[in-house]
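Listing of my_file30.pdb; format and content: PDB, C-alpha atoms.
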ATOM      1  CA  MET A   4       4.271 -43.819 -12.249
ATOM      2  CA  ARG A   5       6.497 -41.083 -10.783
ATOM      3  CA  CYS A   6       8.065 -41.518  -7.374
ATOM      4  CA  TYR A   7      10.014 -38.635  -5.882
ATOM      5  CA  GLU A   8      12.498 -39.099  -3.096
ATOM      6  CA  ASP A   9      12.154 -35.505  -1.992
ATOM      7  CA  LEU A  10      10.025 -32.568  -3.160
ATOM      8  CA  ARG A  11      10.846 -29.150  -1.757
ATOM      9  CA  VAL A  12       8.878 -25.966  -2.216
ATOM     10  CA  SER A  13      10.394 -22.568  -1.509
ATOM     11  CA  TYR A  14       9.390 -18.951  -2.019
ATOM     12  CA  TRP A  15      11.771 -16.693  -3.921
ATOM     13  CA  ARG A  16      10.816 -13.145  -4.882
ATOM     14  CA  GLY A  17       7.140 -14.007  -5.148
ATOM     15  CA  ILE A  18       7.811 -17.168  -7.180
ATOM     16  CA  ASP A  19       6.875 -20.687  -6.161
ATOM     17  CA  VAL A  20       9.999 -22.778  -6.775
ATOM     18  CA  TRP A  21       9.536 -26.527  -6.955
ATOM     19  CA  SER A  22      12.829 -28.379  -6.644
ATOM     20  CA  VAL A  23      13.168 -32.111  -7.328
ATOM     21  CA  PRO A  24      16.683 -33.166  -6.297
ATOM     22  CA  SER A  25      16.478 -36.797  -7.337
ATOM     23  CA  LEU A  26      14.221 -39.501  -8.665
ATOM     24  CA  ILE A  27      13.792 -43.085  -7.568
ATOM     25  CA  GLY A  28      13.634 -45.974 -10.017
ATOM     26  CA  GLY A  29      16.710 -45.271 -12.147
ATOM     27  CA  MET A  30      15.032 -42.661 -14.370
ATOM     28  CA  SER A  31      17.644 -40.380 -15.936
ATOM     29  CA  LEU A  32      15.382 -37.502 -17.029
ATOM     30  CA  ARG A  33      14.955 -35.114 -14.121
ATOM     31  CA  LEU A  34      12.803 -32.047 -13.552
ATOM     32  CA  VAL A  35      15.223 -29.847 -11.634
ATOM     33  CA  GLU A  36      13.233 -26.683 -10.956
ATOM     34  CA  LEU A  37       9.851 -25.132 -11.724
ATOM     35  CA  ARG A  38       9.411 -21.389 -11.241
ATOM     36  CA  ILE A  39       5.909 -19.972 -11.445
ATOM     37  CA  PRO A  40       5.064 -16.520 -10.024
ATOM     38  CA  SER A  41       2.511 -16.862  -7.257
ATOM     39  CA  HIS A  42       1.197 -13.392  -8.237
ATOM     40  CA  ALA A  43       1.403 -11.387 -11.446
ATOM     41  CA  VAL A  44       0.211  -7.843 -12.133
ATOM     42  CA  ARG A  45      -2.531  -7.319 -14.700
ATOM     43  CA  ASN A  46      -1.334  -5.948 -18.069
ATOM     44  CA  GLN A  47       2.257  -6.929 -17.297
ATOM     45  CA  SER A  48       4.211  -9.979 -18.473
ATOM     46  CA  ALA A  49       4.795 -13.183 -16.508
ATOM     47  CA  ARG A  50       7.662 -15.642 -16.911
ATOM     48  CA  LEU A  51       7.147 -19.374 -16.315
ATOM     49  CA  GLU A  52      10.338 -21.428 -16.063
ATOM     50  CA  CYS A  53      10.833 -25.173 -16.285
ATOM     51  CA  HIS A  54      14.402 -26.451 -15.830
ATOM     52  CA  PHE A  55      15.282 -30.101 -16.385
ATOM     53  CA  ASP A  56      18.287 -32.396 -16.678
ATOM     54  CA  LEU A  57      18.254 -34.834 -19.591
ATOM     55  CA  ASP A  58      21.267 -36.742 -18.212
ATOM     56  CA  GLY A  59      22.101 -38.249 -21.606
ATOM     57  CA  GLU A  60      18.553 -38.508 -22.856
ATOM     58  CA  THR A  61      17.351 -36.758 -26.009
ATOM     59  CA  LEU A  62      14.614 -34.207 -25.542
ATOM     60  CA  TYR A  63      11.400 -35.024 -27.334
ATOM     61  CA  SER A  64       9.073 -32.248 -26.146
ATOM     62  CA  VAL A  65       8.253 -29.654 -23.537
ATOM     63  CA  LYS A  66       4.567 -28.902 -23.060
ATOM     64  CA  TRP A  67       2.773 -26.293 -20.950
ATOM     65  CA  TYR A  68      -0.803 -26.575 -19.701
ATOM     66  CA  LYS A  69      -3.193 -24.181 -18.009
ATOM     67  CA  ASP A  70      -5.966 -25.814 -15.991
ATOM     68  CA  GLY A  71      -5.360 -29.029 -17.939
ATOM     69  CA  ASN A  72      -5.417 -27.398 -21.414
ATOM     70  CA  GLU A  73      -2.252 -27.347 -23.526
ATOM     71  CA  PHE A  74      -1.245 -23.922 -24.819
ATOM     72  CA  TYR A  75       2.491 -24.247 -25.616
ATOM     73  CA  ARG A  76       4.572 -27.024 -27.146
ATOM     74  CA  PHE A  77       8.297 -27.129 -27.891
ATOM     75  CA  VAL A  78       9.560 -29.988 -30.089
ATOM     76  CA  PRO A  79      13.203 -29.409 -31.103
ATOM     77  CA  ARG A  80      13.106 -31.683 -34.168
ATOM     78  CA  ASN A  81      10.153 -29.782 -35.674
ATOM     79  CA  MET A  82      10.511 -26.701 -37.853
ATOM     80  CA  PRO A  83       9.576 -24.354 -36.342
ATOM     81  CA  PRO A  84      10.025 -26.041 -32.974
ATOM     82  CA  VAL A  85       7.350 -23.943 -31.191
ATOM     83  CA  GLN A  86       3.621 -24.460 -31.506
ATOM     84  CA  VAL A  87       1.020 -22.354 -29.674
ATOM     85  CA  PHE A  88      -2.607 -23.282 -29.030
ATOM     86  CA  GLN A  89      -5.222 -20.603 -28.467
ATOM     87  CA  LEU A  90      -6.531 -20.439 -24.919
ATOM     88  CA  ASN A  91      -8.648 -17.777 -23.249
ATOM     89  CA  GLY A  92      -6.536 -15.456 -21.082
ATOM     90  CA  VAL A  93      -3.195 -16.788 -22.391
ATOM     91  CA  THR A  94      -1.042 -14.800 -24.842
ATOM     92  CA  VAL A  95       2.407 -16.271 -25.469
ATOM     93  CA  ASP A  96       5.368 -14.028 -26.278
ATOM     94  CA  LEU A  97       6.988 -16.250 -28.938
ATOM     95  CA  HIS A  98      10.105 -14.097 -29.223
ATOM     96  CA  ASN A  99      11.077 -14.720 -25.573
ATOM     97  CA  SER A 100       9.773 -18.273 -25.126
ATOM     98  CA  THR A 101      12.115 -21.284 -25.331
ATOM     99  CA  GLU A 102      12.377 -24.887 -24.187
ATOM    100  CA  ASN A 103      13.071 -23.691 -20.615
ATOM    101  CA  GLN A 104      10.668 -20.784 -20.290
ATOM    102  CA  VAL A 105       7.344 -19.428 -21.481
ATOM    103  CA  VAL A 106       6.643 -15.698 -21.304
ATOM    104  CA  LEU A 107       3.014 -14.610 -21.107
ATOM    105  CA  SER A 108       2.390 -11.045 -22.259
ATOM    106  CA  SER A 109      -0.264  -8.652 -20.933
ATOM    107  CA  VAL A 110      -1.750 -11.075 -18.424
ATOM    108  CA  GLN A 111      -5.387 -10.581 -17.416
ATOM    109  CA  LEU A 112      -7.578 -11.764 -14.561
ATOM    110  CA  THR A 113      -8.572 -14.722 -16.738
ATOM    111  CA  THR A 114      -4.890 -15.722 -16.878
ATOM    112  CA  THR A 115      -5.145 -16.902 -13.263
ATOM    113  CA  GLY A 116      -4.910 -20.656 -12.994
ATOM    114  CA  VAL A 117      -2.840 -23.807 -12.449
ATOM    115  CA  TYR A 118       0.148 -24.118 -14.815
ATOM    116  CA  ARG A 119       1.874 -27.417 -15.485
ATOM    117  CA  CYS A 120       5.133 -28.191 -17.253
ATOM    118  CA  GLU A 121       5.595 -31.616 -18.857
ATOM    119  CA  VAL A 122       8.978 -32.772 -20.192
ATOM    120  CA  SER A 123       9.333 -35.951 -22.284
ATOM    121  CA  GLY A 124      12.380 -37.809 -23.570
ATOM    122  CA  GLU A 125      12.810 -39.459 -26.967
ATOM    123  CA  ALA A 126      12.181 -43.061 -27.882
ATOM    124  CA  PRO A 127      12.510 -45.743 -26.857
ATOM    125  CA  SER A 128      11.937 -44.778 -23.200
ATOM    126  CA  PHE A 129       9.705 -41.719 -23.666
ATOM    127  CA  GLN A 130      10.318 -40.857 -20.034
ATOM    128  CA  THR A 131       8.072 -38.038 -18.815
ATOM    129  CA  VAL A 132       8.296 -35.756 -15.782
ATOM    130  CA  THR A 133       5.776 -33.095 -14.826
ATOM    131  CA  GLU A 134       5.042 -30.567 -12.087
ATOM    132  CA  HIS A 135       2.602 -27.690 -11.567
ATOM    133  CA  GLY A 136       2.084 -24.413  -9.685
ATOM    134  CA  HIS A 137      -0.647 -21.803  -9.223
ATOM    135  CA  MET A 138      -0.455 -18.219 -10.473
ATOM    136  CA  MET A 139      -2.923 -15.462  -9.559
ATOM    137  CA  VAL A 140      -3.187 -12.285 -11.613
ATOM    138  CA  VAL A 141      -3.797  -9.196  -9.486
ATOM    139  CA  ALA A 142      -5.639  -6.038 -10.494
ATOM    140  CA  LEU A 143      -3.927  -3.325  -8.464
ATOM    141  CA  PRO A 144      -5.865  -0.338  -7.041
ATOM    142  CA  GLU A 145      -5.640   2.842  -9.073
ATOM    143  CA  GLU A 146      -5.467   4.923  -5.880
ATOM    144  CA  GLY A 147      -4.136   4.485  -2.372
ATOM    145  CA  PRO A 148      -6.257   4.005   0.764
ATOM    146  CA  ARG A 149      -8.472   6.929   1.851
ATOM    147  CA  ILE A 150      -9.158   8.014   5.448
ATOM    148  CA  THR A 151     -12.576   9.534   6.134
ATOM    149  CA  GLY A 152     -14.579  10.656   9.170
ATOM    150  CA  GLY A 153     -11.769  12.273  11.127
ATOM    151  CA  LYS A 154     -11.683  15.685  12.841
ATOM    152  CA  PRO A 155      -8.786  18.168  12.844
ATOM    153  CA  ARG A 156      -8.573  18.254  16.646
ATOM    154  CA  TYR A 157      -9.294  15.814  19.495
ATOM    155  CA  GLN A 158      -9.173  16.117  23.269
ATOM    156  CA  THR A 159      -8.693  13.499  25.925
ATOM    157  CA  GLY A 160     -11.968  11.629  26.339
ATOM    158  CA  ASP A 161     -13.147  12.205  22.759
ATOM    159  CA  THR A 162     -14.023   9.204  20.573
ATOM    160  CA  VAL A 163     -12.234   8.723  17.265
ATOM    161  CA  ARG A 164     -14.390   7.139  14.543
ATOM    162  CA  VAL A 165     -12.692   6.880  11.160
ATOM    163  CA  ASN A 166     -12.801   4.574   8.141
ATOM    164  CA  CYS A 167     -10.083   3.424   5.774
ATOM    165  CA  THR A 168     -11.240   2.547   2.258
ATOM    166  CA  SER A 169      -9.004   0.854  -0.300
ATOM    167  CA  GLY A 170      -9.129   1.377  -4.035
ATOM    168  CA  ARG A 171     -10.919  -1.210  -6.207
ATOM    169  CA  SER A 172      -8.736  -4.269  -6.785
ATOM    170  CA  LYS A 173      -8.776  -8.028  -7.133
ATOM    171  CA  PRO A 174      -8.247  -9.593  -4.717
ATOM    172  CA  ALA A 175      -9.276  -7.103  -2.035
ATOM    173  CA  ALA A 176      -6.436  -5.240  -0.331
ATOM    174  CA  LEU A 177      -5.543  -6.127   3.247
ATOM    175  CA  LEU A 178      -5.973  -3.039   5.460
ATOM    176  CA  ASN A 179      -4.213  -2.189   8.731
ATOM    177  CA  TRP A 180      -4.513   0.759  11.133
ATOM    178  CA  PHE A 181      -1.604   2.364  13.010
ATOM    179  CA  ILE A 182      -1.688   4.934  15.838
ATOM    180  CA  ASN A 183       1.549   6.926  16.111
ATOM    181  CA  GLY A 184       3.367   4.233  14.131
ATOM    182  CA  GLU A 185       2.150   1.338  16.285
ATOM    183  CA  GLN A 186      -0.401  -1.171  15.035
ATOM    184  CA  ALA A 187      -3.834  -0.452  16.482
ATOM    185  CA  ASP A 188      -5.326  -2.712  19.124
ATOM    186  CA  PRO A 189      -7.569  -5.312  17.394
ATOM    187  CA  SER A 190     -10.413  -4.314  19.735
ATOM    188  CA  PHE A 191     -10.405  -0.861  18.083
ATOM    189  CA  LEU A 192     -11.165  -2.294  14.625
ATOM    190  CA  HIS A 193     -14.510  -2.747  12.882
ATOM    191  CA  GLY A 194     -14.564  -4.996   9.818
ATOM    192  CA  PRO A 195     -13.158  -5.426   7.301
ATOM    193  CA  GLU A 196     -16.079  -5.143   4.921
ATOM    194  CA  THR A 197     -15.667  -6.087   1.246
ATOM    195  CA  ILE A 198     -17.785  -4.578  -1.539
ATOM    196  CA  ILE A 199     -17.753  -6.190  -5.005
ATOM    197  CA  THR A 200     -18.583  -4.000  -7.996
ATOM    198  CA  GLY A 201     -18.359  -4.000 -11.787
ATOM    199  CA  ARG A 202     -18.288  -6.678 -14.454
ATOM    200  CA  GLU A 203     -14.841  -7.864 -13.384
ATOM    201  CA  GLY A 204     -15.889  -8.167  -9.761
ATOM    202  CA  LEU A 205     -13.294  -5.760  -8.400
ATOM    203  CA  GLU A 206     -13.288  -5.529  -4.615
ATOM    204  CA  THR A 207     -13.168  -2.589  -2.194
ATOM    205  CA  SER A 208     -12.157  -3.068   1.452
ATOM    206  CA  ILE A 209     -13.359  -0.887   4.344
ATOM    207  CA  LEU A 210     -11.828  -1.084   7.825
ATOM    208  CA  GLY A 211     -13.103   1.078  10.682
ATOM    209  CA  LEU A 212     -11.147   2.398  13.662
ATOM    210  CA  GLU A 213     -12.875   3.506  16.886
ATOM    211  CA  PHE A 214     -11.312   4.279  20.260
ATOM    212  CA  VAL A 215     -11.454   6.738  23.155
ATOM    213  CA  VAL A 216      -8.599   9.234  23.121
ATOM    214  CA  LYS A 217      -6.210   9.099  26.061
ATOM    215  CA  GLN A 218      -3.296  11.335  26.936
ATOM    216  CA  LYS A 219      -0.845   8.626  25.822
ATOM    217  CA  HIS A 220      -2.163   8.921  22.277
ATOM    218  CA  PHE A 221      -0.592  12.367  21.895
ATOM    219  CA  ARG A 222       3.052  12.747  20.948
ATOM    220  CA  ARG A 223       4.254  16.328  21.267
ATOM    221  CA  GLY A 224       0.675  17.477  21.114
ATOM    222  CA  ASP A 225      -0.200  15.555  17.938
ATOM    223  CA  MET A 226      -1.698  12.156  17.119
ATOM    224  CA  LYS A 227      -0.936  10.359  13.837
ATOM    225  CA  LEU A 228      -3.430   7.925  12.293
ATOM    226  CA  LYS A 229      -2.154   5.801   9.398
ATOM    227  CA  CYS A 230      -3.848   3.187   7.247
ATOM    228  CA  SER A 231      -1.901   0.791   5.014
ATOM    229  CA  ALA A 232      -3.154  -1.391   2.149
ATOM    230  CA  THR A 233      -1.274  -4.479   0.939
ATOM    231  CA  ILE A 234      -1.798  -7.217  -1.636
ATOM    232  CA  ALA A 235       0.551 -10.177  -1.230
ATOM    233  CA  THR A 236       4.145  -9.000  -1.777
ATOM    234  CA  ILE A 237       3.509  -6.873  -4.871
ATOM    235  CA  TYR A 238       1.547  -3.894  -3.524
ATOM    236  CA  TRP A 239       1.888  -1.609  -0.492
ATOM    237  CA  ARG A 240       0.454   1.876  -0.081
ATOM    238  CA  SER A 241      -0.426   3.970   2.975
ATOM    239  CA  ASN A 242      -2.131   7.198   3.980
ATOM    240  CA  GLU A 243      -1.529   9.157   7.179
ATOM    241  CA  GLU A 244      -3.340  12.015   8.884
ATOM    242  CA  SER A 245      -2.014  14.128  11.748
ATOM    243  CA  VAL A 246      -4.517  15.635  14.201
ATOM    244  CA  GLU A 247      -3.941  18.145  16.973
ATOM    245  CA  GLY A 248      -4.495  17.514  20.643
ATOM    246  CA  GLU A 249      -5.326  19.849  23.506
ATOM    247  CA  ARG A 250      -3.445  23.162  23.452
ATOM    248  CA  PRO A 251      -2.808  25.241  26.636
ATOM    249  CA  PRO A 252      -4.417  28.723  26.474
ATOM    250  CA  ARG A 253      -2.022  31.341  25.146
ATOM    251  CA  ALA A 254      -1.362  34.657  26.984
ATOM    252  CA  SER A 255      -3.064  37.718  25.478
ATOM    253  CA  VAL A 256      -0.994  40.346  23.656
ATOM    254  CA  LEU A 257      -1.419  42.901  26.505
ATOM    255  CA  GLU A 258      -0.394  40.423  29.154
ATOM    256  CA  SER A 259       2.673  39.445  27.239
ATOM    257  CA  ARG A 260       3.844  43.105  27.168
ATOM    258  CA  GLY A 261       3.145  43.906  30.813
ATOM    259  CA  THR A 262       0.106  45.180  32.737
ATOM    260  CA  VAL A 263      -1.257  48.651  31.891
ATOM    261  CA  ALA A 264      -2.926  50.504  34.797
ATOM    262  CA  PRO A 265      -6.262  52.268  34.148
ATOM    263  CA  ALA A 266      -6.431  56.031  33.849
ATOM    264  CA  GLY A 267      -6.860  57.889  37.143
ATOM    265  CA  SER A 268      -5.314  55.111  39.135
ATOM    266  CA  ARG A 269      -2.917  55.540  42.039
ATOM    267  CA  ALA A 270      -0.027  55.023  39.631
ATOM    268  CA  ASP A 271      -1.083  58.159  37.740
ATOM    269  CA  ARG A 272      -1.204  60.198  40.932
ATOM    270  CA  VAL A 273       2.233  59.037  42.037
ATOM    271  CA  GLN A 274       3.668  59.889  38.636
ATOM    272  CA  ALA A 275       2.065  63.362  38.712
ATOM    273  CA  ALA A 276       3.443  64.051  42.184
ATOM    274  CA  GLY A 277       6.969  63.357  41.072
ATOM    275  CA  SER A 278       6.740  65.560  37.993
ATOM    276  CA  HIS A 279       7.975  69.228  37.691
ATOM    277  CA  THR A 280       5.446  70.194  35.087
ATOM    278  CA  THR A 281       3.214  73.145  36.146
ATOM    279  CA  ILE A 282      -0.425  72.668  35.412
ATOM    280  CA  LEU A 283      -2.493  75.860  35.051
ATOM    281  CA  PRO A 284      -6.061  75.898  36.257
ATOM    282  CA  ARG A 285      -8.656  75.854  33.555
ATOM    283  CA  VAL A 286     -10.150  79.423  32.847
ATOM    284  CA  PRO A 287     -13.320  79.934  30.816
ATOM    285  CA  ILE A 288     -12.577  81.499  27.412
ATOM    286  CA  LEU A 289     -15.264  84.254  27.747
ATOM    287  CA  ALA A 290     -13.912  85.469  31.078
ATOM    288  CA  LEU A 291     -10.424  85.705  29.647
ATOM    289  CA  CYS A 292     -11.602  87.753  26.672
ATOM    290  CA  SER A 293     -13.484  90.252  28.952
ATOM    291  CA  PHE A 294     -10.392  90.784  31.016
ATOM    292  CA  VAL A 295      -8.315  91.630  27.926
ATOM    293  CA  VAL A 296     -10.930  94.186  26.658
ATOM    294  CA  MET A 297     -11.069  96.025  30.039
ATOM    295  CA  ALA A 298      -7.317  96.295  30.163
ATOM    296  CA  LEU A 299      -7.160  97.930  26.742
ATOM    297  CA  SER A 300      -9.909 100.491  27.559
ATOM    298  CA  LEU A 301      -8.068 101.727  30.663
ATOM    299  CA  ARG A 302      -5.061 102.579  28.533
TER     300      ARG A 302
END

Before we go any further, please render this structure as structure tokens.
Amino acid sequence: MRCYEDLRVSYWRGIDVWSVPSLIGGMSLRLVELRIPSHAVRNQSARLECHFDLDGETLYSVKWYKDGNEFYRFVPRNMPPVQVFQLNGVTVDLHNSTENQVVLSSVQLTTTGVYRCEVSGEAPSFQTVTEHGHMMVVALPEEGPRITGGKPRYQTGDTVRVNCTSGRSKPAALLNWFINGEQADPSFLHGPETIITGREGLETSILGLEFVVKQKHFRRGDMKLKCSATIATIYWRSNEESVEGERPPRASVLESRGTVAPAGSRADRVQAAGSHTTILPRVPILALCSFVVMALSLR
């Protein structure tokens, strides 16, 4: 029977670290630290670490289990010292696995589970210490969150109704809305809704945003709507749209260049009065021609 004086759990870079400072009962073999990633990314490798202090004892074996099933055994007196047992979802990288660590290559969703390290000393005591931790394999979205339903321009009093949809993942991404960089009021949110599709059961999240536009929502005439998607500490993506607010009416081209008076206005008459140009009265062309002919005949 194991009796621990103190068991501490900490979180370090996404890894559950189990630290056992001391043991009660005079046992010399100690399990010092267990490091198991709380989350691993699908198709990437995962490192499981089990550090122990023999304190004069001789190591007999180190065994690893997933959900109670042994898949890795290290016995230093054997040749070779490593033995691997086939287990669905578990592929051991033998080149990088030792007595203190096991590296799993190309982890899949089926790799998710509870992993336990068991360390045993040699005869005659055969002292054994063990500890476990949970690891979840995450299928990341292939695309970032999408914003739909928005309009290019809003005015005060309009209602904004938009949706944010995450890419397919497992587990579903956690969505959040922001208005001008500030997290949206919870009363503006609708959902989230989760849709499960495909053989692997990948999940899509949808979070709606609805609110009545007020003048305070505009910053320098624009309003920014941003949606972020997160999965634990290993994934963060966002999408932002900028929409225009009310614009004051612009002056016309004529007004910007000054007012032009209509023809025949008082301004025209004043200008004509101050001019030295002589204006001849209009004479019909036929009358002028008759006058010229008479003058020639008299000569």

Give me, as a Markdown table, the closest atom pair and its distance (Å, one decimal) for every residue of segment 121-226 of chain A within a cut-off of 12 Å of segment 50-59 of chain A, counting all atoms listed in the file, rows sorted by chain and rising number.
| residue | atom | partner | partner_atom | distance |
| --- | --- | --- | --- | --- |
| A:Glu121 | CA | A:Cys53 | CA | 8.7 |
| A:Val122 | CA | A:Phe55 | CA | 7.8 |
| A:Ser123 | CA | A:Leu57 | CA | 9.4 |
| A:Gly124 | CA | A:Leu57 | CA | 7.7 |
| A:Glu125 | CA | A:Leu57 | CA | 10.3 |
| A:Phe129 | CA | A:Leu57 | CA | 11.7 |
| A:Gln130 | CA | A:Leu57 | CA | 10.0 |
| A:Thr131 | CA | A:Leu57 | CA | 10.7 |
| A:Val132 | CA | A:Phe55 | CA | 9.0 |
| A:Thr133 | CA | A:Cys53 | CA | 9.5 |
| A:Glu134 | CA | A:Cys53 | CA | 9.0 |
| A:His135 | CA | A:Cys53 | CA | 9.8 |
| A:Gly136 | CA | A:Leu51 | CA | 9.7 |
| A:His137 | CA | A:Leu51 | CA | 10.8 |
| A:Met138 | CA | A:Leu51 | CA | 9.7 |

May I have the residues from that selection written out with C-alpha atoms, as a CSV table (one decimal), keeping the file's coordinate frame?
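Here's the written file part_8.csv:
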chain,number,residue,atom,x,y,z
A,121,GLU,CA,5.6,-31.6,-18.9
A,122,VAL,CA,9.0,-32.8,-20.2
A,123,SER,CA,9.3,-36.0,-22.3
A,124,GLY,CA,12.4,-37.8,-23.6
A,125,GLU,CA,12.8,-39.5,-27.0
A,129,PHE,CA,9.7,-41.7,-23.7
A,130,GLN,CA,10.3,-40.9,-20.0
A,131,THR,CA,8.1,-38.0,-18.8
A,132,VAL,CA,8.3,-35.8,-15.8
A,133,THR,CA,5.8,-33.1,-14.8
A,134,GLU,CA,5.0,-30.6,-12.1
A,135,HIS,CA,2.6,-27.7,-11.6
A,136,GLY,CA,2.1,-24.4,-9.7
A,137,HIS,CA,-0.6,-21.8,-9.2
A,138,MET,CA,-0.5,-18.2,-10.5

Pick the closest to Thr168 of chain A from A:Leu112, A:Ile199, A:Leu97, A:Ala232: which is it, counting all atoms listed in the file?
-> A:Ala232

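This file, filtered with the PyMOL selection byres ((chain A and resi 175) around 10), gives the residues Val141, Ala142, Leu143, Pro144, Ser169, Gly170, Arg171, Ser172, Lys173, Pro174, Ala176, Leu177, Leu178, Glu196, Thr197, Ile198, Ile199, Leu205, Glu206, Thr207, Ser208, Ile209, Ala232, Thr233 and Ile234 of chain A.
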
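In this comparison, which uses only C-alpha atoms, the residue of A:Phe214, A:Arg202, A:Arg164, A:Gly153 approaching Glu244 of chain A most closely is A:Gly153.
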
Once the PyMOL selection byres ((chain A and resi 147) around 6) has been applied to the shown file, what residues remain in the selection, as a ChimeraX atom specification?
-> /A:146,148,240

Of A:Arg45, A:His220, A:Arg33, A:His193, the one nearest to Gly160 of chain A when counting all atoms listed in the file is A:His220

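You will find atom CA of Ser109 of chain A at 24.1 Å from atom CA of Pro83 of chain A.
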
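What separates atom CA of Asn103 of chain A from atom CA of Ile237 of chain A is a distance of 24.9 Å.
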
Using the atoms already present, construct all heavy atoms for segment 149-155 of chain A and hand them back as a PDB file, in the frame of the given file.
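Writing the result to result24.pdb gives the following:
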ATOM      1  N   ARG A 149      -7.953   5.628   1.441  1.00  0.00           N
ATOM      2  CA  ARG A 149      -8.472   6.929   1.851  1.00  0.00           C
ATOM      3  C   ARG A 149      -8.985   6.857   3.285  1.00  0.00           C
ATOM      4  O   ARG A 149      -9.616   5.883   3.680  1.00  0.00           O
ATOM      5  CB  ARG A 149      -9.615   7.369   0.922  1.00  0.00           C
ATOM      6  CG  ARG A 149      -9.181   7.678  -0.483  1.00  0.00           C
ATOM      7  CD  ARG A 149     -10.360   8.106  -1.356  1.00  0.00           C
ATOM      8  NE  ARG A 149     -11.292   6.994  -1.582  1.00  0.00           N
ATOM      9  CZ  ARG A 149     -12.479   6.893  -1.028  1.00  0.00           C
ATOM     10  NH1 ARG A 149     -12.911   7.826  -0.177  1.00  0.00           N
ATOM     11  NH2 ARG A 149     -13.275   5.870  -1.299  1.00  0.00           N
ATOM     12  N   ILE A 150      -8.695   7.911   4.057  1.00  0.00           N
ATOM     13  CA  ILE A 150      -9.158   8.014   5.448  1.00  0.00           C
ATOM     14  C   ILE A 150     -10.286   9.028   5.491  1.00  0.00           C
ATOM     15  O   ILE A 150     -10.131  10.167   5.030  1.00  0.00           O
ATOM     16  CB  ILE A 150      -8.010   8.433   6.384  1.00  0.00           C
ATOM     17  CG1 ILE A 150      -6.902   7.370   6.374  1.00  0.00           C
ATOM     18  CG2 ILE A 150      -8.538   8.641   7.802  1.00  0.00           C
ATOM     19  CD1 ILE A 150      -5.687   7.750   7.202  1.00  0.00           C
ATOM     20  N   THR A 151     -11.422   8.643   6.049  1.00  0.00           N
ATOM     21  CA  THR A 151     -12.576   9.534   6.134  1.00  0.00           C
ATOM     22  C   THR A 151     -13.157   9.509   7.544  1.00  0.00           C
ATOM     23  O   THR A 151     -12.970   8.545   8.295  1.00  0.00           O
ATOM     24  CB  THR A 151     -13.676   9.115   5.137  1.00  0.00           C
ATOM     25  OG1 THR A 151     -14.046   7.741   5.390  1.00  0.00           O
ATOM     26  CG2 THR A 151     -13.193   9.238   3.701  1.00  0.00           C
ATOM     27  N   GLY A 152     -13.874  10.590   7.891  1.00  0.00           N
ATOM     28  CA  GLY A 152     -14.579  10.656   9.170  1.00  0.00           C
ATOM     29  C   GLY A 152     -13.809  11.306  10.289  1.00  0.00           C
ATOM     30  O   GLY A 152     -14.345  11.465  11.394  1.00  0.00           O
ATOM     31  N   GLY A 153     -12.576  11.706  10.057  1.00  0.00           N
ATOM     32  CA  GLY A 153     -11.769  12.273  11.127  1.00  0.00           C
ATOM     33  C   GLY A 153     -12.017  13.755  11.341  1.00  0.00           C
ATOM     34  O   GLY A 153     -12.577  14.454  10.488  1.00  0.00           O
ATOM     35  N   LYS A 154     -11.594  14.267  12.509  1.00  0.00           N
ATOM     36  CA  LYS A 154     -11.683  15.685  12.841  1.00  0.00           C
ATOM     37  C   LYS A 154     -10.271  16.262  12.955  1.00  0.00           C
ATOM     38  O   LYS A 154      -9.308  15.537  13.242  1.00  0.00           O
ATOM     39  CB  LYS A 154     -12.434  15.869  14.162  1.00  0.00           C
ATOM     40  CG  LYS A 154     -13.878  15.368  14.125  1.00  0.00           C
ATOM     41  CD  LYS A 154     -14.642  15.751  15.390  1.00  0.00           C
ATOM     42  CE  LYS A 154     -14.037  15.100  16.628  1.00  0.00           C
ATOM     43  NZ  LYS A 154     -14.852  15.381  17.846  1.00  0.00           N
ATOM     44  N   PRO A 155     -10.130  17.576  12.781  1.00  0.00           N
ATOM     45  CA  PRO A 155      -8.786  18.168  12.844  1.00  0.00           C
ATOM     46  C   PRO A 155      -8.215  18.229  14.258  1.00  0.00           C
ATOM     47  O   PRO A 155      -7.016  18.365  14.430  1.00  0.00           O
ATOM     48  CB  PRO A 155      -8.992  19.577  12.272  1.00  0.00           C
ATOM     49  CG  PRO A 155     -10.432  19.871  12.512  1.00  0.00           C
ATOM     50  CD  PRO A 155     -11.149  18.565  12.388  1.00  0.00           C
TER      51      PRO A 155
END
